[in-house]
Each structure stands twice: as C-alpha cells, then as structure tokens.
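S.K.: Please see the structure below; I have some questions.
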Number of protein chains: 2
Amino acid sequence: MAASTALGVDVGGTKLLAVRMDDDGQVTTEATQDSPRDAPSLIEAVRETVDRLCGGSVRSIGVGVPGLVDVSGTVRFAPNLQGLSGHPLRCELESAFPGVAIWVGNDATAACWGERMRGAATGSDEVVMVTLGTGIGGGIVSGGLLLEGAHRYAGEFGHMVVDPHGPLCPCGKKGCWERFASGSGLGMLAREAALAGTASRLVELAGGDPEDVRGEHVTRAAAEGDFSAQDIMDRFAWWVALGLSNLANALDPELIVIGGGLITAGEVLMNPTRRAFQKLVEAPEARADLRIVAAALGASAGAIGAAMRAAAEG
Amino acid sequence: MAASTALGVDVGGTKLLAVRMDDDGQVTTEATQDSPRDAPSLIEAVRETVDRLCGGSVRSIGVGVPGLVDVSGTVRFAPNLQGLSGHPLRCELESAFPGVAIWVGNDATAACWGERMRGAATGSDEVVMVTLGTGIGGGIVSGGLLLEGAHRYAGEFGHMVVDPHGPLCPCGKKGCWERFASGSGLGMLAREAALAGTASRLVELAGGDPEDVRGEHVTRAAAEGDFSAQDIMDRFAWWVALGLSNLANALDPELIVIGGGLITAGEVLMNPTRRAFQKLVEAPEARADLRIVAAALGASAGAIGAAMRAAAEG
C-alpha cells in the first residue's frame with residue numbers, strides 16, 4: 001500500500017467518520033464507528049482506521065473535532081467531547097505516528113475547506129459555510145484561503161446572540177443562533193405548534209404524543225406538502241436567514257454554503273431561507289450575484305477537508 | 001510642491017475631513033468643511049482641498065464614504081449621502097485628476113486600515129474595528145490584509161440583528177445592533193431613564209427637559225461619577241459587547257479596536273465593555289490575549305486610511 005495516502009477523520013459528537021484519499025485526491029473508502037470519548041481512544045481509533053483503510057501506511061492524517069482547536073493543535077474547548085478538552089492532540093498524534101504529517105482542527109472549518117476544494121464552493125474565493133446540525137458550526141474562506149483568526153477559532157457562528165430574550169443556551173447565554181436555527185431549534189418550533197394543536201400531521205408522524213415531535217417530522221411532513229409543517233419550516237428558515245444575513249453583512253461572501261444534517265430537508269428549507277435572506281441582508285440589490293446553496297459533500301465534507309488540510313502540511 | 005503627496009478625504013454624513021500625507025507617511029495638514037451633498041460638489045471639494053493642502057499637485061487621492069462602495073469604486077448604497085448613490089466615483093475622480101492614483105471605499109473600512117497602519121492596531125494581523133458614532137461601521141483585518149469580501153462590502157456590522165423584538169431601524173428591520181450600540185442607542189437608553197425619573201443629573205445637564213437628554217450627557221455625568229449615568233453606561237456597554245462577542249466568535253481577532261465619536265467617553269465605556277465581553281464571548285479563557293482598545297487616530301483615522309490605500313495603488 002502506497003504511503004502517499006491521506007487519511008481524513010471527522011470526530012462527531014456521536015459518530016467518527018473516516019475517508020481515505022489517494023494521490024489524485026479521490027476519496028476511495030469510508031468508514032464510520034462510534035466516537036471515542038477520550039484522547040487515548042481517539043488515537044487508538046485512528047490507528048485501527050489507518051490499518052483498515054490504508055493498509056497501515058499513510059503520509060498524512062487530518063482530524064476534525066467539534067470544538068476550539070488552537071494553532072498548536074491543542075483542543076481548548078470541546079463541550080460535546082469533554083474527554084478531548086485540554087489535550088495537545090496534534091502532538092499526541094505526531095508521537096503515535098512518527099513522520100506522518102498531522103493536522104488537527106475544528107470539524108466545521110474542515111467541512112468548509114472540503115466544500116471549497118471539492119464541493120459546492122469549488123472555485124469560490126469568498127465563502128461562508130454554516131453547518132446546521134444539533135448545533136451550528138461554520139467556516140470562512142476569504143481571498144481563497146481559510147480564515148483562521150488569531151488562534152484558529154474563527155467560524156464559531158452558533159453562539160452569535162440573535163435574541164437576548166430568547167431561550168437559554170447550555171453556554172449560559174440567552175438566544176444564541178443555534179437555539180433557533182439548528183435541528184434542536186426546528187424541534188422546538190415543531191413541538192410548540194404540536195402542543196398548540198396546529199400540527200396534527202406532525203403529531204401523527206411522532207406516534208401520537210406532541211412531546212415526541214422532532215425536527216425530522218417537520219422535514220418529512222413539509223416534503224409531503226403539509227401546510228402547517230411548511231409554515232413551521234418558513235419560520236425556521238427566517239431564523240436561519242437572520243444569522244446568514246448578519247454574516248453576509250460582516251463578510252460579504254459571494255457564496256453561502258449550508259451543510260449539516262438539516263440539508264436533507266432540501267428545497268423545503270433552501271427556498272424560504274433564500275426568500276427571507278433577501279429581506280434581511282443590507283442592500284440586497286447590490287449583491288444580486290450572491291448565492292445560497294446546499295453543501296455537496298454531505299456527511300463526508302469534514303473528513304475530506306481534514307484530509308486535504310493535512311495533505312497540504314505534508 | 002512635490003507631487004509625491006498623498007491626499008486622504010473622509011466624507012462623513014455632515015463633515016468632510018481631509019489630510020495631506022507626505023512621502024514619509026507623516027500627516028502634515030488637516031482641513032474640514034461641510035460635506036458635499038452630491039458627486040459634482042464632492043469632486044469640486046476635493047479639487048479645492050488639493051489646491052489648499054497640496055499646492056495643486058498630488059500623486060494619489062483616497063476617499064472614504066459612508067456606504068457600500070464596490071470594487072470598481074462605484075457607490076452602490078449610501079443612505080446618509082444619497083447624492084452619491086449610483087455614482088462611479090473612482091472613474092469620475094480619475095477623469096477629474098488624470099494620472100493621479102485614486103481609491104474610493106467605505107469610510108469605516110478606511111478607518112480600520114488607518115488604525116492598522118498607524119494607530120492602535122499597528123502590527124496586529126487579526127483585527128476587528130468598529131466605529132461607534134451616529135451609526136456603526138466596521139472593518140476587518142485578516143492575515144495582515146484588509147478583508148474586503150466579494151464586492152468590497154465587508155465590515156457592515158451596524159445592521160447585524162441582535163434583537164428581532166427591538167426598535168425599528170431606518171433599514172426596515174428591527175433590532176439592528178446600531179439601534180442599541182451607537183450614539184443614538186445611548187441617547188435612547190438615557191431618555192428612557194430620564195423619563196422614568198431616575199436620571200436627574202442628565203435632565204439637569206440637558207437644561208431641564210428629559211426629552212432633550214442625549215448620549216453626551218451620559219458620558220459627561222458618568223465621568224463626574226453620577227451613579228445613574230454609570231448604570232446607563234453599563235447597560236449600553238453590554239450592547240456594545242454583545243455585538244463585539246458575536247464578531248469575535250466569528251472572526252477570532254487578537255485585537256478589537258473601538259473608534260468613532262463615542263470613544264470620547266474613554267474608560268467609562270471601555271471598562272464595562274471589556275467586563276461584559278468576557279461574559280458573552282465563547283470560551284473567554286481560551287482567548288486570554290484578546291484585547292479591546294480605543295482607536296488612536298481619532299477623527300482622522302478614515303482620512304489617513306484612505307490616503308494610505310490610495311498611495312498603495314499609486
């Protein structure tokens with residue numbers, strides 16, 4: 001097995017996804033497993049993946065983790081994977097894999113780079129990417145390069161406060177964008193409608209109990225054409241667009257890429273988001289060429305981006 | 001008079017400020033006059049300024065205007081100087097001053113570059129600057145370069161929505177950051193307190209009528225040690241910090257520079273802003289080196305930055 005192989009690993013809150021990328025940049029294999037809960041298990045999982053996907057030999061390994069990772073590759077803040085917090089993960093991986101180029105960074109930043117290099121943002125030099133999942137992550141491309149910031153923490157869009165009177169966030173603040181525009185935000189809007197008795201199809205899909213209504217029920221019912229589900233999706237899309245317009249005003253991208261689990265909703269989400277964005281962004285007529293598109297690489301974006309960052313360091 | 005002189009012009013909503021910058025980068029002269037209301041008057045004003053400050057001969061002219069200016073130097077959106085809207089200002093200046101290098105851009109972006117090159121952000125490569133005046137403007141330095149975005153509209157922080165239930169903004173949205181964290185936002189908080197009867201010193205400074213209370217009365221009374229004025233300033237600083245933390249989460253700067261008219265408040269504003277920021281930004285312990293400082297170039301920042309942008313093009 002050639003040692004020119006690059007491995008990319010995306011460590012999610014629940015699942016780890018790995019890709020092998022060959023010299024020509026083609027992704028040849030993927031593998032998933034449960035996410036390790038601490039640094040030693042993560043390194044062991046990477047070793048097993050190197051054996052399984054790459055026959056034991058790689059030139060570079062890129063790892064994306066959900067949290068703040070500083071320039072040294074140390075995980076500084078990982079609320080959903082606290083076993084990694086404080087670990088100098090890059091150094092630990094360099095020690096475990098001598099001579100292999102290592103990149104460790106934020107998962108959504110890696111996904112942004114994956115979409116920039118091989119996905120929906122290929123060829124775009126001014127990009128904002130947001131990943132809408134359980135929470136919200138993000139990444140910025142400016143002048144064709146990843147905007148990393150002073151510590152490499154850039155792209156933390158989820159805790160942008162958009163309503164100080166809004167629901168409490170685990171971070172301690174009120175009204176963070178990810179309380180409204182993530183999967184849990186969609187579930188909150190859906191249960192509100194279900195409990196108010198205005199979303200019978202959602203309650204039916206949830207098995208009869210309004211408390212069991214989740215975001216995926218909205219997505220499914222909206223796709224079926226259910227009016228109340230589409231109404232919920234429109235209100236949800238308004239919150240998505242609110243944060244996007246804040247970011248567009250600040251960063252002036254030519255392209256906004258929406259990724260994460262919620263894009264399975266497709267045009268049922270994208271269309272009302274685009275419409276609301278036009279009403280919210282400053283001077284939309286001066287940004288007629290700005291596009292909002294769905295991510296192209298799906299769940300693999302983070303692993304592919306991490307593989308490409310590491311390969312570039314090797 | 002040497003033709004190596006650079007002229008910088010900052011066209012504000014009410015005043016035009018011009019600086020002459022010599023070869024060694026030193027600002028030698030300043031002049032102010034009322035802002036011209038349309039493009040022909042602006043070009044005439046620039047010509048008079050070239051004659052007065054530079055003896056009729058310049059190598060480059062930089063002009064900062066309050067609004068969106070695209071890559072071609074055309075003013076696309078200027079709500080406070082509508083006579084400039086739609087004008088290809090760079091072309092018009094090139095035609096009026098043949099052979100002179102011209103830069104036309106946003107005023108706050110120019111101020112950010114001025115502070116980066118000669119002011120509070122000298123030597124910092126990851127900077128966010130906000131100008132708190134009648135409204136809010138801004139600029140971003142990333143990797144040591146001005147982040148301009150796809151059209152050169154980047155840095156429009158004022159219309160970031162931070163409270164969708166908040167007061168209506170002239171832009172048509174509700175709860176834009178500049179409704180809370182600008183001079184008019186401070187005035188709003190002050191009148192609220194004055195009308196509620198909890199700000200007697202402010203009413204006194206305003207001449208007796210609570211309706212006449214303005215932001216500058218808060219600044220003055222807070223500096224005197226008046227408790228209710230300090231309380232208003234603390235609440236105002238919370239709104240300033242809210243927007244700054246949103247921007248810091250997104251951009252991960254090492255330095256935030258606060259400019260604009262409100263910095264005359266000094267530490268009465270800066271201290272509570274820093275305290276509130278620590279509570280609002282994500283993972284403050286991982287950003288211990290992030291500083292929030294006042295701008296150093298005062299009202300000249302925009303003109304100096306515009307002069308430097310133009311000189312770099314020449």
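The way I read the labels, and the way they are meant: chains A, B, ... in the order of the structure tokens, residue 1 as the first residue of every chain, and ligand 1 as the first ligand shown, with later ones counted on from there.
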Could you do a least-squares fit of chain B on chain A over every C-alpha atom, in sequence order, and give the output as a CSV table (one decimal) with C-alpha atoms, in the first residue's frame?
M.R.:
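Written output follows (part19.csv):
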chain,number,residue,atom,x,y,z
B,1,MET,CA,0.0,0.0,0.0
B,2,ALA,CA,1.4,3.3,-1.0
B,3,ALA,CA,2.4,5.7,1.7
B,4,SER,CA,1.1,8.6,-0.3
B,5,THR,CA,-2.4,8.0,1.1
B,6,ALA,CA,-4.0,10.8,3.1
B,7,LEU,CA,-6.5,9.9,5.9
B,8,GLY,CA,-9.2,12.3,7.0
B,9,VAL,CA,-11.1,11.8,10.2
B,10,ASP,CA,-14.2,13.7,11.4
B,11,VAL,CA,-14.9,13.1,15.1
B,12,GLY,CA,-18.6,14.0,15.7
B,13,GLY,CA,-20.4,14.2,18.9
B,14,THR,CA,-21.7,10.6,18.4
B,15,LYS,CA,-20.0,9.2,15.2
B,16,LEU,CA,-16.5,9.1,13.8
B,17,LEU,CA,-16.3,9.2,10.0
B,18,ALA,CA,-13.0,8.5,8.2
B,19,VAL,CA,-12.1,8.8,4.5
B,20,ARG,CA,-9.0,7.6,2.6
B,21,MET,CA,-7.9,10.0,-0.1
B,22,ASP,CA,-5.4,8.9,-2.8
B,23,ASP,CA,-2.8,10.9,-4.6
B,24,ASP,CA,-5.2,12.1,-7.2
B,25,GLY,CA,-7.5,13.4,-4.4
B,26,GLN,CA,-10.2,10.8,-5.0
B,27,VAL,CA,-12.0,9.5,-1.9
B,28,THR,CA,-11.8,5.7,-2.1
B,29,THR,CA,-13.1,4.4,1.1
B,30,GLU,CA,-15.2,5.5,4.1
B,31,ALA,CA,-15.7,4.1,7.5
B,32,THR,CA,-17.8,5.1,10.5
B,33,GLN,CA,-17.8,4.0,14.1
B,34,ASP,CA,-18.9,5.3,17.5
B,35,SER,CA,-16.9,8.4,18.5
B,36,PRO,CA,-14.2,7.8,21.1
B,37,ARG,CA,-14.8,9.6,24.4
B,38,ASP,CA,-11.2,10.5,25.2
B,39,ALA,CA,-7.8,11.2,23.6
B,40,PRO,CA,-6.2,7.7,24.0
B,41,SER,CA,-9.3,6.0,22.5
B,42,LEU,CA,-9.2,8.5,19.6
B,43,ILE,CA,-5.6,7.7,18.8
B,44,GLU,CA,-6.4,4.0,19.0
B,45,ALA,CA,-9.4,4.5,16.7
B,46,VAL,CA,-7.2,6.4,14.2
B,47,ARG,CA,-4.6,3.6,14.3
B,48,GLU,CA,-7.3,1.0,13.6
B,49,THR,CA,-8.6,3.2,10.7
B,50,VAL,CA,-5.1,3.5,9.2
B,51,ASP,CA,-4.8,-0.3,9.3
B,52,ARG,CA,-8.2,-0.9,7.9
B,53,LEU,CA,-8.5,1.8,5.2
B,54,CYS,CA,-4.8,2.4,4.3
B,55,GLY,CA,-3.1,-0.9,5.0
B,56,GLY,CA,-1.2,0.5,7.9
B,57,SER,CA,0.6,3.2,5.9
B,58,VAL,CA,-0.3,6.9,5.4
B,59,ARG,CA,1.6,10.1,4.6
B,60,SER,CA,-0.8,12.5,6.4
B,61,ILE,CA,-3.7,12.4,8.9
B,62,GLY,CA,-6.2,15.2,9.3
B,63,VAL,CA,-8.6,15.2,12.2
B,64,GLY,CA,-11.6,17.5,12.7
B,65,VAL,CA,-13.1,17.8,16.2
B,66,PRO,CA,-16.2,19.6,17.4
B,67,GLY,CA,-14.6,22.4,19.5
B,68,LEU,CA,-12.0,25.1,19.6
B,69,VAL,CA,-8.6,23.8,18.5
B,70,ASP,CA,-5.7,26.2,18.7
B,71,VAL,CA,-2.7,26.8,16.3
B,72,SER,CA,-0.7,24.1,18.2
B,73,GLY,CA,-3.4,21.5,17.6
B,74,THR,CA,-4.5,21.5,21.2
B,75,VAL,CA,-8.2,21.1,21.9
B,76,ARG,CA,-9.1,24.2,24.1
B,77,PHE,CA,-12.8,23.8,24.4
B,78,ALA,CA,-15.0,20.8,23.4
B,79,PRO,CA,-18.3,20.9,25.2
B,80,ASN,CA,-19.6,17.8,23.4
B,81,LEU,CA,-16.5,15.8,23.7
B,82,GLN,CA,-15.1,16.8,27.0
B,83,GLY,CA,-12.6,13.9,27.1
B,84,LEU,CA,-10.6,15.7,24.4
B,85,SER,CA,-10.5,19.1,26.2
B,86,GLY,CA,-7.0,20.3,27.0
B,87,HIS,CA,-5.3,17.6,25.0
B,88,PRO,CA,-2.4,18.5,22.7
B,89,LEU,CA,-3.9,16.2,20.1
B,90,ARG,CA,-1.6,17.1,17.2
B,91,CYS,CA,1.5,16.3,19.4
B,92,GLU,CA,-0.1,13.1,20.6
B,93,LEU,CA,-0.8,12.0,17.0
B,94,GLU,CA,2.7,13.0,15.9
B,95,SER,CA,4.1,10.9,18.6
B,96,ALA,CA,1.8,7.9,17.7
B,97,PHE,CA,2.5,8.3,14.0
B,98,PRO,CA,6.2,9.4,13.6
B,99,GLY,CA,6.9,11.0,10.2
B,100,VAL,CA,3.3,11.4,9.3
B,101,ALA,CA,2.0,15.0,8.7
B,102,ILE,CA,-0.8,15.8,11.1
B,103,TRP,CA,-3.5,18.5,11.1
B,104,VAL,CA,-6.0,18.8,13.9
B,105,GLY,CA,-8.7,21.5,13.7
B,106,ASN,CA,-12.3,22.3,14.1
B,107,ASP,CA,-14.8,20.0,12.3
B,108,ALA,CA,-16.9,22.7,10.6
B,109,THR,CA,-13.8,24.6,9.5
B,110,ALA,CA,-12.6,21.3,7.9
B,111,ALA,CA,-16.0,20.8,6.3
B,112,CYS,CA,-15.8,24.4,4.9
B,113,TRP,CA,-12.4,23.6,3.4
B,114,GLY,CA,-13.7,20.3,2.0
B,115,GLU,CA,-16.6,22.1,0.2
B,116,ARG,CA,-14.2,24.8,-1.0
B,117,MET,CA,-11.8,22.3,-2.5
B,118,ARG,CA,-14.1,19.5,-3.8
B,119,GLY,CA,-17.7,20.5,-3.1
B,120,ALA,CA,-20.3,23.2,-3.6
B,121,ALA,CA,-17.8,26.1,-3.2
B,122,THR,CA,-15.2,24.8,-5.7
B,123,GLY,CA,-13.6,27.9,-7.3
B,124,SER,CA,-15.2,30.4,-5.0
B,125,ASP,CA,-12.8,32.7,-3.1
B,126,GLU,CA,-15.3,34.4,-0.7
B,127,VAL,CA,-17.3,31.8,1.1
B,128,VAL,CA,-19.3,31.5,4.3
B,129,MET,CA,-20.2,27.9,5.3
B,130,VAL,CA,-22.6,27.0,8.1
B,131,THR,CA,-23.3,23.5,9.3
B,132,LEU,CA,-26.8,23.2,10.7
B,133,GLY,CA,-27.0,20.1,12.8
B,134,THR,CA,-27.6,19.5,16.5
B,135,GLY,CA,-25.7,22.8,16.9
B,136,ILE,CA,-24.3,25.3,14.4
B,137,GLY,CA,-20.7,25.3,13.2
B,138,GLY,CA,-19.0,27.3,10.4
B,139,GLY,CA,-16.1,28.3,8.4
B,140,ILE,CA,-14.9,31.3,6.3
B,141,VAL,CA,-12.9,31.4,3.1
B,142,SER,CA,-11.5,34.8,2.2
B,143,GLY,CA,-9.3,35.5,-0.7
B,144,GLY,CA,-9.4,31.8,-1.5
B,145,LEU,CA,-7.8,30.9,1.9
B,146,LEU,CA,-9.3,29.6,5.1
B,147,LEU,CA,-9.8,32.5,7.5
B,148,GLU,CA,-8.4,31.0,10.7
B,149,GLY,CA,-8.1,34.1,13.0
B,150,ALA,CA,-5.6,34.7,15.8
B,151,HIS,CA,-6.0,31.3,17.5
B,152,ARG,CA,-7.7,29.3,14.7
B,153,TYR,CA,-11.0,29.7,16.4
B,154,ALA,CA,-12.8,31.6,13.6
B,155,GLY,CA,-16.2,30.4,12.3
B,156,GLU,CA,-17.9,29.9,15.7
B,157,PHE,CA,-21.2,31.2,14.5
B,158,GLY,CA,-23.5,29.1,16.7
B,159,HIS,CA,-23.2,31.3,19.8
B,160,MET,CA,-23.9,34.6,17.9
B,161,VAL,CA,-26.6,36.1,20.1
B,162,VAL,CA,-29.6,37.0,17.9
B,163,ASP,CA,-32.2,37.5,20.6
B,164,PRO,CA,-31.2,38.3,24.2
B,165,HIS,CA,-34.8,37.5,25.3
B,166,GLY,CA,-34.6,34.0,23.7
B,167,PRO,CA,-34.2,30.6,25.2
B,168,LEU,CA,-31.3,29.8,27.5
B,169,CYS,CA,-28.3,28.1,25.8
B,170,PRO,CA,-26.1,25.5,27.5
B,171,CYS,CA,-23.3,28.1,27.1
B,172,GLY,CA,-25.1,30.3,29.7
B,173,LYS,CA,-26.3,33.0,27.3
B,174,LYS,CA,-29.8,33.6,26.0
B,175,GLY,CA,-30.8,33.5,22.4
B,176,CYS,CA,-27.8,32.1,20.7
B,177,TRP,CA,-28.3,31.5,17.0
B,178,GLU,CA,-28.0,27.7,17.4
B,179,ARG,CA,-31.0,27.7,19.8
B,180,PHE,CA,-33.2,28.8,16.8
B,181,ALA,CA,-31.5,27.7,13.6
B,182,SER,CA,-30.2,24.2,14.4
B,183,GLY,CA,-32.0,20.8,14.5
B,184,SER,CA,-33.0,21.4,18.1
B,185,GLY,CA,-34.4,24.8,17.2
B,186,LEU,CA,-36.6,23.2,14.5
B,187,GLY,CA,-37.7,20.6,17.0
B,188,MET,CA,-38.6,23.4,19.5
B,189,LEU,CA,-40.8,25.3,16.9
B,190,ALA,CA,-42.4,22.0,15.9
B,191,ARG,CA,-43.3,21.0,19.5
B,192,GLU,CA,-44.7,24.4,20.1
B,193,ALA,CA,-47.0,24.0,17.1
B,194,ALA,CA,-47.9,20.4,18.1
B,195,LEU,CA,-48.7,21.4,21.7
B,196,ALA,CA,-50.8,24.3,20.4
B,197,GLY,CA,-52.8,21.8,18.4
B,198,THR,CA,-51.9,23.3,15.0
B,199,ALA,CA,-49.7,20.4,13.7
B,200,SER,CA,-51.8,17.2,13.6
B,201,ARG,CA,-49.7,15.6,10.9
B,202,LEU,CA,-46.5,16.1,12.9
B,203,VAL,CA,-48.1,14.5,16.0
B,204,GLU,CA,-49.3,11.6,13.8
B,205,LEU,CA,-45.7,11.1,12.4
B,206,ALA,CA,-44.4,11.2,16.0
B,207,GLY,CA,-46.7,8.4,17.0
B,208,GLY,CA,-49.4,10.4,18.8
B,209,ASP,CA,-47.6,12.4,21.5
B,210,PRO,CA,-46.9,16.1,20.7
B,211,GLU,CA,-43.9,15.9,23.1
B,212,ASP,CA,-42.3,13.4,20.8
B,213,VAL,CA,-42.4,15.7,17.7
B,214,ARG,CA,-38.9,16.3,16.3
B,215,GLY,CA,-37.3,18.3,13.5
B,216,GLU,CA,-37.3,15.3,11.1
B,217,HIS,CA,-41.1,15.1,11.3
B,218,VAL,CA,-41.3,18.7,10.1
B,219,THR,CA,-39.0,18.0,7.2
B,220,ARG,CA,-41.0,14.9,6.2
B,221,ALA,CA,-44.4,16.5,6.5
B,222,ALA,CA,-43.3,19.6,4.7
B,223,ALA,CA,-42.0,17.5,1.8
B,224,GLU,CA,-45.4,15.8,1.7
B,225,GLY,CA,-47.0,19.2,1.3
B,226,ASP,CA,-48.5,19.5,4.8
B,227,PHE,CA,-49.4,23.2,5.2
B,228,SER,CA,-48.6,23.6,8.9
B,229,ALA,CA,-45.2,21.9,8.5
B,230,GLN,CA,-44.4,24.3,5.7
B,231,ASP,CA,-45.4,27.1,7.9
B,232,ILE,CA,-43.0,25.9,10.7
B,233,MET,CA,-40.3,25.5,8.1
B,234,ASP,CA,-40.8,29.0,6.9
B,235,ARG,CA,-40.5,30.4,10.4
B,236,PHE,CA,-37.4,28.2,10.9
B,237,ALA,CA,-35.9,29.4,7.6
B,238,TRP,CA,-36.3,33.0,8.8
B,239,TRP,CA,-34.0,32.3,11.8
B,240,VAL,CA,-31.5,30.6,9.5
B,241,ALA,CA,-31.6,33.6,7.2
B,242,LEU,CA,-31.3,36.1,10.1
B,243,GLY,CA,-27.9,34.7,11.1
B,244,LEU,CA,-26.8,34.3,7.4
B,245,SER,CA,-27.6,38.0,6.7
B,246,ASN,CA,-25.6,39.0,9.8
B,247,LEU,CA,-22.7,37.1,8.5
B,248,ALA,CA,-23.1,38.3,4.9
B,249,ASN,CA,-23.2,42.0,6.1
B,250,ALA,CA,-19.9,41.4,8.0
B,251,LEU,CA,-18.1,39.3,5.5
B,252,ASP,CA,-19.6,40.0,2.0
B,253,PRO,CA,-19.3,36.4,0.6
B,254,GLU,CA,-20.2,35.6,-3.0
B,255,LEU,CA,-21.4,32.2,-1.8
B,256,ILE,CA,-23.1,30.8,1.3
B,257,VAL,CA,-23.0,27.1,1.7
B,258,ILE,CA,-25.4,25.4,4.1
B,259,GLY,CA,-24.3,22.0,5.3
B,260,GLY,CA,-25.0,19.7,8.2
B,261,GLY,CA,-27.8,17.2,8.8
B,262,LEU,CA,-30.6,19.7,8.1
B,263,ILE,CA,-29.8,20.0,4.4
B,264,THR,CA,-31.6,16.7,3.9
B,265,ALA,CA,-34.7,18.9,4.0
B,266,GLY,CA,-33.6,20.2,0.6
B,267,GLU,CA,-35.6,23.0,-1.2
B,268,VAL,CA,-38.2,22.9,1.6
B,269,LEU,CA,-35.6,24.7,3.6
B,270,MET,CA,-33.4,26.4,1.0
B,271,ASN,CA,-36.2,28.3,-0.8
B,272,PRO,CA,-37.7,30.0,2.2
B,273,THR,CA,-34.2,30.7,3.5
B,274,ARG,CA,-33.3,32.5,0.3
B,275,ARG,CA,-36.5,34.5,0.3
B,276,ALA,CA,-36.1,35.6,4.0
B,277,PHE,CA,-32.4,36.4,3.4
B,278,GLN,CA,-33.3,38.9,0.6
B,279,LYS,CA,-35.4,40.8,3.1
B,280,LEU,CA,-32.8,40.7,5.9
B,281,VAL,CA,-29.5,41.4,4.2
B,282,GLU,CA,-28.3,45.0,3.7
B,283,ALA,CA,-28.8,46.3,0.2
B,284,PRO,CA,-29.7,43.0,-1.5
B,285,GLU,CA,-29.9,44.7,-4.9
B,286,ALA,CA,-26.2,45.4,-4.6
B,287,ARG,CA,-25.5,41.7,-4.0
B,288,ALA,CA,-27.5,40.2,-6.9
B,289,ASP,CA,-24.8,37.6,-7.6
B,290,LEU,CA,-24.7,36.2,-4.0
B,291,ARG,CA,-25.9,32.6,-4.0
B,292,ILE,CA,-27.0,30.4,-1.1
B,293,VAL,CA,-26.5,26.7,-1.9
B,294,ALA,CA,-26.6,23.3,-0.2
B,295,ALA,CA,-23.4,21.5,0.6
B,296,ALA,CA,-22.3,18.9,-1.9
B,297,LEU,CA,-20.2,16.5,0.1
B,298,GLY,CA,-22.8,15.5,2.6
B,299,ALA,CA,-21.6,14.0,5.8
B,300,SER,CA,-18.0,13.4,4.4
B,301,ALA,CA,-17.2,17.1,4.0
B,302,GLY,CA,-15.4,17.4,7.4
B,303,ALA,CA,-13.3,14.3,6.8
B,304,ILE,CA,-12.4,15.3,3.2
B,305,GLY,CA,-11.5,18.8,4.3
B,306,ALA,CA,-9.3,17.5,7.2
B,307,ALA,CA,-7.6,15.1,4.8
B,308,MET,CA,-6.8,18.0,2.5
B,309,ARG,CA,-5.5,20.3,5.2
B,310,ALA,CA,-3.2,17.5,6.5
B,311,ALA,CA,-2.0,16.6,3.0
B,312,ALA,CA,-1.1,20.3,2.4
B,313,GLU,CA,1.0,20.2,5.5
B,314,GLY,CA,2.8,17.0,4.5
S.K.: From the DSSP assignment of the backbone, select every residue of range 69-293 of chain A that is alpha helix (DSSP H), and format the answer as a count of residues only.
M.R.: 93
S.K.: With DSSP run on the backbone, what are the strand (DSSP E) residues within range 183-265 of chain B? I'd like them as a PDB file with C-alpha atoms, in the first residue's frame.
M.R.:
ATOM      1  CA  LEU B 255      -7.428  42.870  18.825  1.00  0.00           C
ATOM      2  CA  ILE B 256     -10.721  44.751  18.760  1.00  0.00           C
ATOM      3  CA  VAL B 257     -10.441  48.482  18.164  1.00  0.00           C
ATOM      4  CA  ILE B 258     -13.345  50.739  19.094  1.00  0.00           C
ATOM      5  CA  GLY B 259     -13.443  54.030  17.247  1.00  0.00           C
TER       6      GLY B 259
END
